[in-house]
file data02.txt (compact mmCIF, C-alpha atoms and all ligand atoms)
# COMPACT_ATOMS: atom_id res chain seq x y z
CA MET M 200 209.07 29.63 137.11
CA GLU M 201 209.32 30.49 133.43
CA ARG M 202 206.79 27.89 132.54
CA CYS M 203 204.47 29.27 135.17
CA ASN M 204 204.72 32.76 133.62
CA ALA M 205 204.01 31.37 130.20
CA ILE M 206 200.90 29.66 131.48
CA LEU M 207 199.72 32.83 133.18
CA LEU M 208 200.24 34.77 129.97
CA LEU M 209 198.35 32.16 128.04
CA LEU M 210 195.50 32.29 130.52
CA TYR M 211 195.46 36.05 130.31
CA PHE M 212 195.15 36.04 126.52
CA ALA M 213 192.59 33.27 126.60
CA SER M 214 190.39 35.20 128.97
CA TYR M 215 191.05 38.47 127.13
CA SER M 216 190.04 37.23 123.71
CA GLY M 217 187.14 35.36 125.23
CA ALA M 218 185.53 38.23 127.10
CA LEU M 219 182.87 40.45 125.64
CA ARG M 220 183.94 43.88 124.52
CA LEU M 221 181.97 46.91 123.47
CA THR M 222 183.95 48.04 120.46
CA SER M 223 182.17 51.28 119.61
CA MET M 224 179.06 53.22 120.33
CA SER M 225 177.95 56.11 118.17
CA ALA M 226 175.55 58.89 119.01
CA PRO M 227 175.44 62.48 117.72
CA ASN M 228 176.89 65.23 119.91
CA ILE M 229 174.08 67.44 118.73
CA ALA M 230 170.87 65.83 117.52
CA ASP M 231 168.67 67.99 115.35
CA VAL M 232 165.01 68.17 116.35
CA ARG M 233 164.12 68.13 112.64
CA ASP M 234 165.88 64.79 112.09
CA LYS M 235 165.91 61.39 113.66
CA MET M 236 168.64 60.40 116.07
CA GLU M 237 170.62 57.31 115.09
CA LEU M 238 172.20 55.29 117.88
CA ASP M 239 174.54 52.44 117.12
CA CYS M 240 176.41 50.02 119.32
CA HIS M 241 179.03 47.51 118.12
CA PHE M 242 180.40 44.72 120.25
CA ASP M 243 182.54 41.64 120.14
CA MET M 244 181.22 38.79 122.29
CA GLY M 245 184.50 36.84 122.20
CA ASN M 246 183.54 33.32 123.13
CA GLU M 247 180.65 34.38 125.35
CA GLU M 248 176.99 34.39 124.41
CA LEU M 249 175.02 37.61 124.17
CA TYR M 250 172.39 37.81 126.85
CA ALA M 251 171.03 41.31 126.30
CA VAL M 252 171.67 44.72 124.79
CA LYS M 253 170.02 47.51 126.74
CA TRP M 254 169.70 51.17 125.80
CA TYR M 255 169.30 53.77 128.52
CA LYS M 256 168.69 57.48 128.63
CA ASP M 257 169.81 59.07 131.90
CA ASP M 258 169.80 55.62 133.53
CA GLN M 259 166.26 54.82 132.42
CA GLU M 260 166.06 51.80 130.15
CA PHE M 261 164.02 52.40 127.00
CA PHE M 262 164.96 49.49 124.74
CA ARG M 263 166.10 45.91 125.23
CA TYR M 264 167.22 43.23 122.80
CA MET M 265 167.39 39.67 124.12
CA PRO M 266 168.07 37.23 121.28
CA LYS M 267 166.92 34.27 123.34
CA GLY M 268 164.08 35.98 125.13
CA GLN M 269 160.44 35.15 124.52
CA GLN M 270 160.10 38.61 123.16
CA GLN M 271 163.33 39.53 121.40
CA MET M 272 162.81 43.27 121.54
CA MET M 273 161.07 45.34 124.16
CA SER M 274 160.69 49.05 124.61
CA PHE M 275 159.84 50.99 127.73
CA PRO M 276 158.31 54.46 127.96
CA VAL M 277 160.80 57.19 128.78
CA PRO M 278 159.90 60.88 128.26
CA GLY M 279 161.44 62.33 125.09
CA VAL M 280 162.36 58.91 123.70
CA LYS M 281 160.36 57.53 120.79
CA LEU M 282 161.58 54.67 118.61
CA GLU M 283 161.16 55.32 114.92
CA THR M 284 160.22 51.77 114.12
CA HIS M 285 158.92 49.18 116.49
CA GLY M 286 162.28 47.49 116.85
CA GLY M 287 165.96 47.96 116.15
CA ASP M 288 168.48 46.46 113.81
CA CYS M 289 170.15 44.14 116.32
CA ASN M 290 172.17 40.94 116.16
CA GLN M 291 175.15 39.23 117.85
CA ARG M 292 177.50 42.04 116.84
CA ARG M 293 175.57 45.27 116.81
CA CYS M 294 172.39 46.99 117.88
CA LYS M 295 171.19 50.03 115.99
CA ILE M 296 168.08 52.06 116.74
CA ASN M 297 166.54 55.28 115.51
CA LEU M 298 164.72 57.79 117.69
CA THR M 299 162.25 60.25 116.29
CA ASP M 300 160.07 63.21 117.38
CA LEU M 301 162.94 64.66 119.40
CA THR M 302 162.30 67.63 121.66
CA ARG M 303 164.94 69.95 123.03
CA MET M 304 163.45 69.82 126.52
CA HIS M 305 163.14 66.07 126.89
CA SER M 306 165.28 64.18 124.40
CA GLY M 307 168.74 65.44 125.36
CA GLY M 308 170.75 63.52 127.94
CA ALA M 309 173.21 60.71 128.55
CA TYR M 310 172.58 57.76 126.23
CA ARG M 311 174.09 54.43 127.21
CA CYS M 312 174.49 51.12 125.44
CA GLU M 313 175.02 48.20 127.77
CA ILE M 314 175.73 44.63 126.74
CA SER M 315 175.76 41.59 128.94
CA SER M 316 176.79 37.98 128.49
CA GLU M 317 174.94 34.82 129.40
CA ALA M 318 175.53 32.74 132.50
CA PRO M 319 177.88 31.74 133.95
CA ALA M 320 180.01 34.81 133.17
CA PHE M 321 177.30 37.54 133.38
CA ARG M 322 179.77 40.15 132.30
CA LEU M 323 178.74 43.72 131.49
CA ALA M 324 180.21 46.37 129.22
CA SER M 325 178.79 49.78 128.48
CA GLU M 326 179.52 53.16 126.94
CA THR M 327 177.76 56.48 127.40
CA HIS M 328 177.46 59.53 125.17
CA ASN M 329 175.94 62.89 126.02
CA VAL M 330 173.55 64.16 123.41
CA THR M 331 172.36 67.76 123.16
CA VAL M 332 169.15 68.27 121.22
CA ALA M 333 168.78 71.52 119.29
CA ALA M 334 167.92 72.94 115.90
CA LEU M 335 171.04 74.65 114.64
CA ALA M 336 170.78 77.57 112.24
CA LYS M 337 171.70 76.05 108.91
CA ASP M 338 172.66 79.26 107.09
CA PRO M 339 174.56 82.39 108.01
CA PRO M 340 172.35 85.35 109.00
CA LYS M 341 171.00 87.56 106.23
CA ILE M 342 172.00 91.24 105.92
CA ASP M 343 169.39 93.52 104.30
CA GLY M 344 169.21 97.22 103.58
CA LEU M 345 172.84 98.09 102.90
CA ALA M 346 173.43 101.10 100.65
CA GLU M 347 175.86 100.82 97.72
CA THR M 348 178.23 103.31 99.29
CA TYR M 349 178.38 105.43 102.41
CA MET M 350 179.72 108.86 103.22
CA GLU M 351 179.77 111.08 106.26
CA GLY M 352 176.24 112.03 107.35
CA ASP M 353 174.56 109.02 105.72
CA THR M 354 172.29 106.90 107.85
CA PHE M 355 173.24 103.28 108.30
CA ASN M 356 169.98 101.42 108.82
CA VAL M 357 170.52 97.74 108.24
CA LYS M 358 168.71 94.59 109.27
CA CYS M 359 170.23 91.23 110.13
CA THR M 360 167.98 88.16 110.33
CA SER M 361 168.89 84.71 111.61
CA ASN M 362 167.55 81.37 110.46
CA TYR M 363 164.75 79.76 112.43
CA ALA M 364 166.47 77.78 115.17
CA ASP M 365 166.16 76.48 118.72
CA PRO M 366 167.44 77.79 121.09
CA GLU M 367 166.80 81.22 119.61
CA PRO M 368 169.92 82.66 117.95
CA ILE M 369 171.46 85.82 119.40
CA LEU M 370 172.69 88.34 116.83
CA THR M 371 175.50 90.87 117.11
CA TRP M 372 176.91 93.47 114.73
CA LYS M 373 180.51 94.43 114.14
CA ILE M 374 181.46 97.46 112.10
CA ASN M 375 185.05 97.34 110.83
CA GLY M 376 185.67 94.65 113.42
CA LEU M 377 184.46 96.82 116.31
CA ASP M 378 181.27 97.13 118.29
CA PRO M 379 178.78 99.57 116.75
CA PRO M 380 179.28 103.24 117.71
CA PRO M 381 177.92 104.16 121.15
CA ASP M 382 175.16 106.33 119.68
CA ALA M 383 173.86 103.48 117.50
CA ILE M 384 170.29 102.39 118.10
CA SER M 385 169.61 98.71 117.85
CA HIS M 386 166.30 96.98 117.85
CA ILE M 387 165.80 93.27 118.49
CA SER M 388 162.70 91.38 117.50
CA SER M 389 161.82 87.71 117.54
CA SER M 390 159.59 85.88 115.10
CA GLU M 391 156.61 83.82 116.13
CA PRO M 392 157.62 80.20 116.71
CA ASP M 393 157.19 78.08 113.59
CA HIS M 394 155.37 74.72 113.62
CA MET M 395 158.37 73.08 115.32
CA GLY M 396 158.79 75.86 117.88
CA LEU M 397 161.85 77.35 116.16
CA ILE M 398 162.37 81.12 116.38
CA ALA M 399 164.26 83.60 114.20
CA GLN M 400 165.77 86.82 115.54
CA THR M 401 166.11 90.15 113.75
CA LEU M 402 168.51 92.85 114.82
CA THR M 403 168.28 96.29 113.22
CA LEU M 404 171.16 98.70 113.64
CA ARG M 405 170.86 102.41 112.97
CA PHE M 406 173.43 105.17 113.26
CA THR M 407 174.78 108.17 111.42
CA MET M 408 178.05 107.71 109.60
CA ASN M 409 180.81 109.80 111.07
CA GLU M 410 184.56 109.95 110.56
CA ARG M 411 185.15 107.14 113.01
CA SER M 412 183.21 104.60 110.98
CA LEU M 413 184.58 105.87 107.70
CA GLN M 414 188.25 105.07 107.81
CA GLY M 415 189.96 103.56 104.81
CA ARG M 416 188.29 102.89 101.47
CA GLU M 417 185.52 100.60 102.56
CA ILE M 418 183.40 99.74 105.52
CA GLU M 419 183.12 96.13 106.63
CA VAL M 420 179.85 95.12 108.26
CA ARG M 421 179.54 91.76 109.93
CA CYS M 422 176.60 90.07 111.59
CA GLU M 423 177.08 87.02 113.75
CA SER M 424 174.49 84.59 115.02
CA ILE M 425 175.12 82.20 117.88
CA GLN M 426 172.82 79.98 119.91
CA PRO M 427 173.36 80.04 123.67
CA GLY M 428 175.34 77.07 124.96
CA LEU M 429 176.25 75.88 121.45
CA PRO M 430 179.60 77.26 120.30
CA GLU M 431 179.36 75.19 117.12
CA SER M 432 176.23 77.12 116.10
CA LYS M 433 178.21 80.29 115.26
CA ARG M 434 177.42 81.63 111.78
CA THR M 435 178.72 84.87 110.32
CA SER M 436 177.90 87.03 107.31
CA SER M 437 179.94 89.99 106.25
CA LYS M 438 179.84 92.53 103.48
CA LYS M 439 182.12 95.31 102.36
CA VAL M 440 180.79 98.61 101.08
CA PRO M 441 182.94 101.32 99.45
CA ILE M 442 183.18 104.68 101.15
CA ARG M 443 182.85 107.89 99.19
CA THR M 444 183.78 111.46 100.02
CA PRO M 445 181.81 114.40 98.65
CA GLY M 446 184.07 115.04 95.61
CA ASP M 447 184.55 111.39 94.99
CA GLN M 448 181.55 110.17 93.03
CA GLN M 449 183.66 109.23 89.98
CA GLU M 450 186.26 107.42 92.05
CA VAL M 451 183.69 104.99 93.43
CA LYS M 452 182.26 104.19 90.01
CA LYS M 453 185.69 103.58 88.54
CA GLN M 454 186.61 101.27 91.39
CA LYS M 455 183.54 99.22 90.82
CA TRP M 456 183.65 98.98 87.03
CA TYR M 457 187.32 98.94 86.09
CA ALA M 458 189.51 96.82 88.22
CA SER M 459 192.60 96.92 85.98
CA GLY M 460 195.27 99.51 86.59
CA PHE M 461 195.19 100.54 82.96
CA ALA M 462 191.54 101.39 82.96
CA SER M 463 191.66 103.30 86.21
CA LYS M 464 194.63 105.34 84.92
CA PHE M 465 193.23 106.30 81.53
CA GLY M 466 189.51 105.73 81.84
CA PRO M 467 187.25 103.93 79.41
CA SER M 468 187.36 106.33 76.44
CA ILE M 469 191.10 105.92 75.85
CA GLN M 470 190.69 102.16 75.89
CA ILE M 471 188.01 102.29 73.28
CA HIS M 472 190.05 104.65 71.09
CA ILE M 473 193.05 102.37 71.23
CA ALA M 474 190.92 99.37 70.37
CA TRP M 475 189.56 101.18 67.32
CA LEU M 476 193.05 102.22 66.29
CA LEU M 477 194.35 98.65 66.49
CA LEU M 478 191.41 97.36 64.55
CA TRP M 479 191.92 100.02 61.93
CA VAL M 480 195.65 99.19 61.57
CA LEU M 481 194.84 95.51 61.21
CA VAL M 482 192.17 96.12 58.62
CA MET M 483 194.49 98.40 56.61
CA LYS M 484 197.28 95.81 56.65
CA TRP M 485 194.91 93.09 55.53
CA ILE M 486 193.59 95.09 52.64
C1 LIG M 501 167.57 54.20 110.81
O1 LIG M 501 167.60 55.21 109.82
C2 LIG M 501 168.52 54.95 108.79
C3 LIG M 501 168.60 56.15 107.89
O2 LIG M 501 167.35 56.51 107.38
C4 LIG M 501 168.11 53.67 108.05
O3 LIG M 501 169.03 53.39 107.03
C5 LIG M 501 168.06 52.52 109.04
O4 LIG M 501 167.56 51.37 108.39
C6 LIG M 501 167.16 52.86 110.21
N1 LIG M 501 167.32 51.80 111.19
C7 LIG M 501 166.32 51.34 111.92
C8 LIG M 501 166.66 50.28 112.86
O5 LIG M 501 165.17 51.77 111.82
C1 LIG M 502 178.07 64.07 130.24
O1 LIG M 502 177.42 65.05 131.02
C2 LIG M 502 177.57 64.84 132.41
C3 LIG M 502 176.69 65.83 133.15
O2 LIG M 502 176.54 67.02 132.46
C4 LIG M 502 179.05 64.98 132.77
O3 LIG M 502 179.24 64.79 134.14
C5 LIG M 502 179.84 63.94 131.98
O4 LIG M 502 181.21 64.09 132.21
C6 LIG M 502 179.56 64.04 130.50
N1 LIG M 502 180.16 62.89 129.84
C7 LIG M 502 180.85 62.98 128.71
C8 LIG M 502 181.34 61.68 128.15
O5 LIG M 502 181.06 64.04 128.14
call {"tool": "encode", "arguments": {"input": "data02.txt", "output": "structure tokens", "more": "lines below"}}
Ligand SMILES: *[C@@H]1O[C@H](CO)[C@@H](O)[C@H](O)[C@H]1NC(C)=O
Ligand SMILES: *[C@@H]1O[C@H](CO)[C@@H](O)[C@H](O)[C@H]1NC(C)=O
result
Amino acid sequence: MERCNAILLLLYFASYSGALRLTSMSAPNIADVRDKMELDCHFDMGNEELYAVKWYKDDQEFFRYMPKGQQQMMSFPVPGVKLETHGGDCNQRRCKINLTDLTRMHSGGAYRCEISSEAPAFRLASETHNVTVAALAKDPPKIDGLAETYMEGDTFNVKCTSNYADPEPILTWKINGLDPPPDAISHISSSEPDHMGLIAQTLTLRFTMNERSLQGREIEVRCESIQPGLPESKRTSSKKVPIRTPGDQQEVKKQKWYASGFASKFGPSIQIHIAWLLLWVLVMKWI
């Protein structure tokens, strides 16, 4: 009985190490329309012979590598799929291909690498990755038109502009972490598509500063851009602007120019006088 088990175990390992295995497939989660898409498939044939590597998009084969075939590499037309070079970089252990001219409408989908062994085993192994095609905004949105300070009655009239991207980014404003005041007027406009069909959005926000928006010492404005369906596309810019009250012009200037407690307590002239005094004492001693 024991011997029988040992033989079974041995058989199991023999067949295990001998069978083909797809060790890893790599594909981007999000492929950028401005770049090429690199697909890579690694496999271990064990003691079997490679018959074919096939690449599919949504179950449609677009590329085949058959090391012993009359034609080693073949490609088949599938919408949205264009090989960068005529063939791939394929051998007994891997098969790597590059796709180019991606489009958001047609190139996204489920990409599959499938390997198969020669007769008599004819075994198959495959792995699939979903790829979304988009052009993500590369930079945070840009905030233009902020004043240096704000006080009650001032008009906030500020523009936020996204990068060119696809799908079109959606912009939103937050003022001190909250939605803009209910009386704020916002205006959305979209750019013309660029040569790759990417679009930028601009969102202008306009309202009159009142007590509600002017709490604390500064006002924090934040603009966020996000592309629908792509949580990873979120980009945020924020800026802080000091608030001033009518009798407070000096206060703002001091805050900006003199950060140290000493300077804000005594002002610049005292500092300069003390510096002169020290210099004078030193010079006198030296003489
Ligand atoms: C795919 O593109 C990469 C990066 O440019 C390059 O190194 C590689 O040789 C290309 N492979 C094929 C099969 O064209
Ligand atoms: C890929 O997408 C399909 C359809 O949207 C879904 O059913 C499947 O679970 C996804 N596969 C992976 C590996 O995320």
call {"tool": "closest_atom_pairs", "arguments": {"input": "data02.txt", "of": "chain M", "to": "ligand LIG 502 (chain M)", "cutoff": "9 Å", "atoms": "only C-alpha atoms and all ligand atoms", "output": "CSV"}}
result
residue,atom,partner,partner_atom,distance
M:Gly308,CA,M:LIG502,O1,7.5
M:Ala309,CA,M:LIG502,C1,6.1
M:Glu326,CA,M:LIG502,C8,8.8
M:Thr327,CA,M:LIG502,C8,6.4
M:His328,CA,M:LIG502,C8,5.3
M:Asn329,CA,M:LIG502,C1,4.9
M:Val330,CA,M:LIG502,C1,8.2
call {"tool": "write_last_selection", "arguments": {"input": "data02.txt", "atoms": "C-alpha atoms", "output": "tab-separated table (two decimals), in the frame of the given file"}}
result
chain	number	residue	atom	x	y	z
M	308	GLY	CA	170.75	63.52	127.94
M	309	ALA	CA	173.21	60.71	128.55
M	326	GLU	CA	179.52	53.16	126.94
M	327	THR	CA	177.76	56.48	127.40
M	328	HIS	CA	177.46	59.53	125.17
M	329	ASN	CA	175.94	62.89	126.02
M	330	VAL	CA	173.55	64.16	123.41
call {"tool": "residues_around", "arguments": {"input": "data02.txt", "residues": "segment 404-417 of chain M", "least_positions_apart": "2", "cutoff": "10 Å", "atoms": "all atoms listed in the file", "output": "mmCIF file with C-alpha atoms, in the frame of the given file"}}
result
data_model
loop_
_atom_site.group_PDB
_atom_site.id
_atom_site.type_symbol
_atom_site.label_atom_id
_atom_site.label_comp_id
_atom_site.auth_asym_id
_atom_site.auth_seq_id
_atom_site.Cartn_x
_atom_site.Cartn_y
_atom_site.Cartn_z
ATOM 1 C CA THR M 348 178.230 103.310 99.290
ATOM 2 C CA TYR M 349 178.380 105.430 102.410
ATOM 3 C CA MET M 350 179.720 108.860 103.220
ATOM 4 C CA GLU M 351 179.770 111.080 106.260
ATOM 5 C CA GLY M 352 176.240 112.030 107.350
ATOM 6 C CA ASP M 353 174.560 109.020 105.720
ATOM 7 C CA THR M 354 172.290 106.900 107.850
ATOM 8 C CA PHE M 355 173.240 103.280 108.300
ATOM 9 C CA ASN M 356 169.980 101.420 108.820
ATOM 10 C CA VAL M 357 170.520 97.740 108.240
ATOM 11 C CA LYS M 358 168.710 94.590 109.270
ATOM 12 C CA CYS M 359 170.230 91.230 110.130
ATOM 13 C CA THR M 371 175.500 90.870 117.110
ATOM 14 C CA TRP M 372 176.910 93.470 114.730
ATOM 15 C CA ILE M 374 181.460 97.460 112.100
ATOM 16 C CA ASN M 375 185.050 97.340 110.830
ATOM 17 C CA LEU M 377 184.460 96.820 116.310
ATOM 18 C CA PRO M 379 178.780 99.570 116.750
ATOM 19 C CA PRO M 380 179.280 103.240 117.710
ATOM 20 C CA PRO M 381 177.920 104.160 121.150
ATOM 21 C CA ASP M 382 175.160 106.330 119.680
ATOM 22 C CA ALA M 383 173.860 103.480 117.500
ATOM 23 C CA ILE M 384 170.290 102.390 118.100
ATOM 24 C CA SER M 385 169.610 98.710 117.850
ATOM 25 C CA HIS M 386 166.300 96.980 117.850
ATOM 26 C CA ILE M 387 165.800 93.270 118.490
ATOM 27 C CA THR M 401 166.110 90.150 113.750
ATOM 28 C CA LEU M 402 168.510 92.850 114.820
ATOM 29 C CA GLU M 419 183.120 96.130 106.630
ATOM 30 C CA VAL M 420 179.850 95.120 108.260
ATOM 31 C CA LYS M 438 179.840 92.530 103.480
ATOM 32 C CA LYS M 439 182.120 95.310 102.360
ATOM 33 C CA VAL M 440 180.790 98.610 101.080
ATOM 34 C CA PRO M 441 182.940 101.320 99.450
ATOM 35 C CA ILE M 442 183.180 104.680 101.150
ATOM 36 C CA ARG M 443 182.850 107.890 99.190
ATOM 37 C CA THR M 444 183.780 111.460 100.020
ATOM 38 C CA VAL M 451 183.690 104.990 93.430
#
call {"tool": "atom_distance", "arguments": {"input": "data02.txt", "atom1": "atom CA of Tyr264 of chain M", "atom2": "atom CA of Glu237 of chain M"}}
result
16.4 Å
call {"tool": "closest_atom_pairs", "arguments": {"input": "data02.txt", "of": "chain M", "to": "ligand LIG 501 (chain M)", "cutoff": "12 Å", "atoms": "all atoms listed in the file", "output": "JSON lines"}}
result
{"residue": "M:Asp234", "atom": "CA", "partner": "M:LIG501", "partner_atom": "O2", "distance": 9.6}
{"residue": "M:Lys235", "atom": "CA", "partner": "M:LIG501", "partner_atom": "O1", "distance": 7.5}
{"residue": "M:Met236", "atom": "CA", "partner": "M:LIG501", "partner_atom": "O1", "distance": 8.2}
{"residue": "M:Glu237", "atom": "CA", "partner": "M:LIG501", "partner_atom": "C1", "distance": 6.1}
{"residue": "M:Leu238", "atom": "CA", "partner": "M:LIG501", "partner_atom": "C1", "distance": 8.5}
{"residue": "M:Asp239", "atom": "CA", "partner": "M:LIG501", "partner_atom": "C8", "distance": 9.2}
{"residue": "M:Cys240", "atom": "CA", "partner": "M:LIG501", "partner_atom": "C8", "distance": 11.7}
{"residue": "M:Met272", "atom": "CA", "partner": "M:LIG501", "partner_atom": "C8", "distance": 11.8}
{"residue": "M:Lys281", "atom": "CA", "partner": "M:LIG501", "partner_atom": "O5", "distance": 11.7}
{"residue": "M:Leu282", "atom": "CA", "partner": "M:LIG501", "partner_atom": "O5", "distance": 8.2}
{"residue": "M:Glu283", "atom": "CA", "partner": "M:LIG501", "partner_atom": "O5", "distance": 6.2}
{"residue": "M:Thr284", "atom": "CA", "partner": "M:LIG501", "partner_atom": "O5", "distance": 5.5}
{"residue": "M:His285", "atom": "CA", "partner": "M:LIG501", "partner_atom": "O5", "distance": 8.2}
{"residue": "M:Gly286", "atom": "CA", "partner": "M:LIG501", "partner_atom": "C8", "distance": 6.5}
{"residue": "M:Gly287", "atom": "CA", "partner": "M:LIG501", "partner_atom": "C8", "distance": 4.1}
{"residue": "M:Asp288", "atom": "CA", "partner": "M:LIG501", "partner_atom": "C8", "distance": 4.3}
{"residue": "M:Cys289", "atom": "CA", "partner": "M:LIG501", "partner_atom": "C8", "distance": 7.9}
{"residue": "M:Asn290", "atom": "CA", "partner": "M:LIG501", "partner_atom": "C8", "distance": 11.3}
{"residue": "M:Arg293", "atom": "CA", "partner": "M:LIG501", "partner_atom": "C8", "distance": 11.0}
{"residue": "M:Cys294", "atom": "CA", "partner": "M:LIG501", "partner_atom": "C8", "distance": 8.3}
{"residue": "M:Lys295", "atom": "CA", "partner": "M:LIG501", "partner_atom": "C8", "distance": 5.5}
{"residue": "M:Ile296", "atom": "CA", "partner": "M:LIG501", "partner_atom": "C8", "distance": 4.5}
{"residue": "M:Asn297", "atom": "CA", "partner": "M:LIG501", "partner_atom": "C1", "distance": 4.9}
{"residue": "M:Leu298", "atom": "CA", "partner": "M:LIG501", "partner_atom": "C1", "distance": 8.3}
{"residue": "M:Thr299", "atom": "CA", "partner": "M:LIG501", "partner_atom": "C1", "distance": 9.7}
call {"tool": "residues_around", "arguments": {"input": "data02.txt", "residues": "Ala251 of chain M", "least_positions_apart": "4", "cutoff": "10 Å", "atoms": "only C-alpha atoms", "output": "number ranges by chain"}}
result
M: 263-268, 271-272, 291, 313-317, 323
call {"tool": "residues_near_point", "arguments": {"input": "data02.txt", "point": "(161.6, 50.4, 127.9)", "cutoff": "9 Å", "atoms": "all atoms listed in the file", "output": "NGL selection string"}}
result
:M and (253-255 or 259-263 or 273-277)
call {"tool": "atom_distance", "arguments": {"input": "data02.txt", "atom1": "atom CA of Ala336 of chain M", "atom2": "atom CA of His394 of chain M"}}
result
15.7 Å
call {"tool": "atom_distance", "arguments": {"input": "data02.txt", "atom1": "atom CA of Tyr310 of chain M", "atom2": "atom CA of Ile398 of chain M"}}
result
27.3 Å
call {"tool": "residues_around", "arguments": {"input": "data02.txt", "residues": "Gly245 of chain M", "least_positions_apart": "4", "cutoff": "8 Å", "atoms": "all atoms listed in the file", "output": "list of chain:residue names"}}
result
M:Ser216, M:Gly217, M:Ala218, M:Leu219, M:Arg220
call {"tool": "residues_around", "arguments": {"input": "data02.txt", "residues": "Arg434 of chain M", "least_positions_apart": "4", "cutoff": "10 Å", "atoms": "all atoms listed in the file", "output": "PyMOL selection string"}}
result
chain M and resi 335-340+361-362+368+370+422-426+430
call {"tool": "closest_residue", "arguments": {"input": "data02.txt", "among": "M:Lys373, M:Leu476, M:Tyr250, M:Arg233", "to": "Met395 of chain M", "atoms": "only C-alpha atoms"}}
result
M:Arg233
call {"tool": "closest_residue", "arguments": {"input": "data02.txt", "among": "M:Val482, M:Ala324, M:Leu301, M:Leu397", "to": "Ala230 of chain M", "atoms": "all atoms listed in the file"}}
result
M:Leu301
call {"tool": "axis_aligned_box", "arguments": {"input": "data02.txt", "around": "segment 223-230 of chain M", "padding_each_side": "4 Å", "output": "AutoDock Vina command-line options"}}
result
--center_x 176.5 --center_y 59.4 --center_z 118.9 --size_x 19.3 --size_y 24.2 --size_z 10.8
call {"tool": "closest_residue", "arguments": {"input": "data02.txt", "among": "M:Leu477, M:Leu345, M:Met244, M:Ala318", "to": "Arg421 of chain M", "atoms": "all atoms listed in the file"}}
result
M:Leu345
call {"tool": "closest_residue", "arguments": {"input": "data02.txt", "among": "M:Arg311, M:Lys256, M:Arg303, M:Lys484", "to": "Met224 of chain M", "atoms": "only C-alpha atoms"}}
result
M:Arg311
call {"tool": "closest_residue", "arguments": {"input": "data02.txt", "among": "M:Ala334, M:Ala474, M:Leu429, M:Ala399", "to": "Thr360 of chain M", "atoms": "all atoms listed in the file"}}
result
M:Ala399
call {"tool": "build_atoms", "arguments": {"input": "data02.txt", "residues": "segment 281-285 of chain M", "atoms": "all heavy atoms", "output": "CSV table (one decimal), keeping the file's coordinate frame"}}
result
chain,number,residue,atom,x,y,z
M,281,LYS,N,161.3,58.2,121.6
M,281,LYS,CA,160.4,57.5,120.8
M,281,LYS,C,161.1,56.8,119.7
M,281,LYS,O,161.8,57.4,118.9
M,281,LYS,CB,159.4,58.5,120.2
M,281,LYS,CG,158.3,57.9,119.4
M,281,LYS,CD,157.1,58.8,119.1
M,281,LYS,CE,156.1,58.1,118.3
M,281,LYS,NZ,155.9,58.7,117.0
M,282,LEU,N,160.9,55.5,119.7
M,282,LEU,CA,161.6,54.7,118.6
M,282,LEU,C,160.9,54.9,117.3
M,282,LEU,O,159.7,55.0,117.2
M,282,LEU,CB,161.5,53.2,119.0
M,282,LEU,CG,162.3,52.7,120.1
M,282,LEU,CD1,161.8,51.4,120.7
M,282,LEU,CD2,163.8,52.6,119.7
M,283,GLU,N,161.7,55.0,116.2
M,283,GLU,CA,161.2,55.3,114.9
M,283,GLU,C,160.3,54.1,114.4
M,283,GLU,O,159.2,54.3,113.9
M,283,GLU,CB,162.3,55.6,113.9
M,283,GLU,CG,161.8,56.1,112.6
M,283,GLU,CD,162.8,56.1,111.5
M,283,GLU,OE1,163.8,55.3,111.6
M,283,GLU,OE2,162.8,57.0,110.7
M,284,THR,N,161.0,53.0,114.5
M,284,THR,CA,160.2,51.8,114.1
M,284,THR,C,160.0,51.0,115.4
M,284,THR,O,160.6,51.3,116.4
M,284,THR,CB,161.0,50.9,113.1
M,284,THR,OG1,162.3,50.8,113.6
M,284,THR,CG2,161.1,51.6,111.8
M,285,HIS,N,159.2,49.9,115.3
M,285,HIS,CA,158.9,49.2,116.5
M,285,HIS,C,160.2,48.6,117.1
M,285,HIS,O,160.3,48.6,118.3
M,285,HIS,CB,157.9,48.1,116.2
M,285,HIS,CG,157.2,47.7,117.4
M,285,HIS,ND1,156.4,48.6,118.2
M,285,HIS,CD2,157.1,46.5,118.1
M,285,HIS,CE1,155.9,48.0,119.2
M,285,HIS,NE2,156.3,46.7,119.2
